[in-house]
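Data first, discussion second: the structure below is written as structure tokens.
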Amino acid sequence: MHALWFRTTTAAVAVASVLAATPASAFTRPTANGRFDYQIGGAYAAASGVAIVDRDRLAAPAPGKYSICYVNAFQTQPDDAVWWTTNHSNLLVKKNGKYVIDPEWPDEYLLDTSTAAKRTALMAIIGPWIDKCAADGFKAVEPDNLDSWTRSKSVLTKAHNTAFAKLLVQRAHAANLAIAQKNTSELAPIGVSQIGFDFAIVEECQVWSECEAFTDVYGNQVYEIEYNDNDRDADGNPIDPISFFNAACAARGSKISIIYRDRDVVPAGDGDYEYKWC
């Protein structure tokens, strides 16, 4: 469910002031409006003009680039499902005795953030992943599926995931990593001021008309991804996928980094690979 947030200029200035007032830390944010490449589906050599590369936590950072470490922090990765169900079944969301899964990614179970004890137990697993991102040379971390409560069949709440996000921010900053808010416009108004995120990575905000929810908070440190399989607008009307990308570029391409990618973000050289930038 995508909520729309409309921010006044006064509110935007106030939040921008919070960003500016953030205490100096050892971590660095990615270059504002730096050319971005999303490589979580497989690493490959980035083009010379690319400044920022996002890769899975099990991949190596991109040499010479500002590298962001992708961590599925609120759901399981498909290849890890058996490990989670075998070793940490109590940390997975269940409804009426059955595991709750992401309907769009049916191999991903939702992690249970519903109590302080479970959040602490999850951090004992995910925290070391974040530490390894830093040890490997990444400069930032991208915790995915912040909005998992919307798929939890009411087991989780926004407050549960907000509380866990704060723990992720604390761990990332302790490891001298910046940390991104991933999607979830519902939390954008408190992303900086209450949770502590440093920048935003946003998918399909043009499709859902929610880009301003992020740019009003994070300014030009929003990194937008539009996908080549979005062939319907928010009202269900047929549309050419590239039109979303073109509209995004026209609206804010001079202010933030916007890219166009294939849904599975496969490596360059794969037949399904697609990448555009404006």
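Chain labels run A, B, ... following the order of the structure tokens; each chain numbers its residues from 1, and ligands are numbered from 1 in the order shown.
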With DSSP run on the backbone, what are the helix (DSSP H, G or I) residues within range 35-251 of chain A? I'd like them as a ChimeraX atom specification.
/A:78-87,89-91,116-136,148-151,158-174,185-195,211-218,241-251
Residues near range 73-86 of chain A, cut-off 7 Å, only C-alpha atoms, skip fewer than 5 positions along chain, as a ChimeraX atom specification:
/A:107-111,126,143-146,148
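Minimum atom-to-atom distances from A:Asn228, A:Asn90, A:Ser114, A:Ser254 to Asp272 in chain A were compared using only C-alpha atoms, and the lowest value belongs to A:Asn228.
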Please list as a list in words every residue within 10 Å of Ala116 in chain A, counting only C-alpha atoms and excluding residues in the same chain fewer than 3 positions away.
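Listing them by chain and then by number gives Thr113, Arg119, Thr120, Ala121, Leu122, His160, Ala163 and Phe164 of chain A.
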From a DSSP pass on the backbone, collect the residues of range 37-276 of chain A flagged as strand (DSSP E) and hand them back as a PyMOL selection string.
chain A and resi 37-38+52-56+66-71+94-95+98-99+101-102+105-109+140-143+178-182+199-203+222-227+257-261+275-276
Closest to Gly34 in chain A among A:Leu91, A:Ile256, A:Ala251, A:Ile125, using only C-alpha atoms?
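Closest candidate: A:Ile256.
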Please measure the separation of CA of Gln206 in chain A and CA of Thr150 in chain A, giving the value in Å to one decimal.
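Computing it gives 20.1 Å between the two atoms.
One distance worth recording is that between CA of Lys182 in chain A and CA of Gly97 in chain A, which is 29.6 Å.
Considering only C-alpha atoms, the residue among A:Ala174, A:Ile259, A:Val71, A:Ala124 positioned nearest to Ala59 in chain A is A:Val71.
The residue that comes closest to Lys94 in chain A, out of A:Phe245, A:Cys69, A:Lys153, A:Ala134 and on the basis of only C-alpha atoms, is A:Lys153.
Proximity to Val141 in chain A at 10 Å, evaluated using only C-alpha atoms and with sequence-adjacent residues fewer than 2 positions away removed, yields A:Asp54, A:Arg55, A:Asp56, A:Arg57, A:Ser67, A:Ile68, A:Cys69, A:Tyr70, A:Val71, A:Trp129, A:Ile130, A:Asp131, A:Cys133, A:Ala134, A:Phe138, A:Lys139, A:Pro143, A:Asp144, A:Leu168, A:Val169, A:Ala172, A:His173, A:Leu177, A:Ala178, A:Ile179, A:Ala180, A:Gln181.
Of the residues under consideration (A:Ala60, A:Ile40, A:Ala247, A:Cys211), A:Cys211 shows the shortest atom-to-atom contact distance to Asn183 in chain A when counting only C-alpha atoms.
Proximity ranking of A:Ala51, A:Ile242, A:Ala45, A:Leu58 relative to Tyr223 in chain A places A:Ala51 first, based on only C-alpha atoms.
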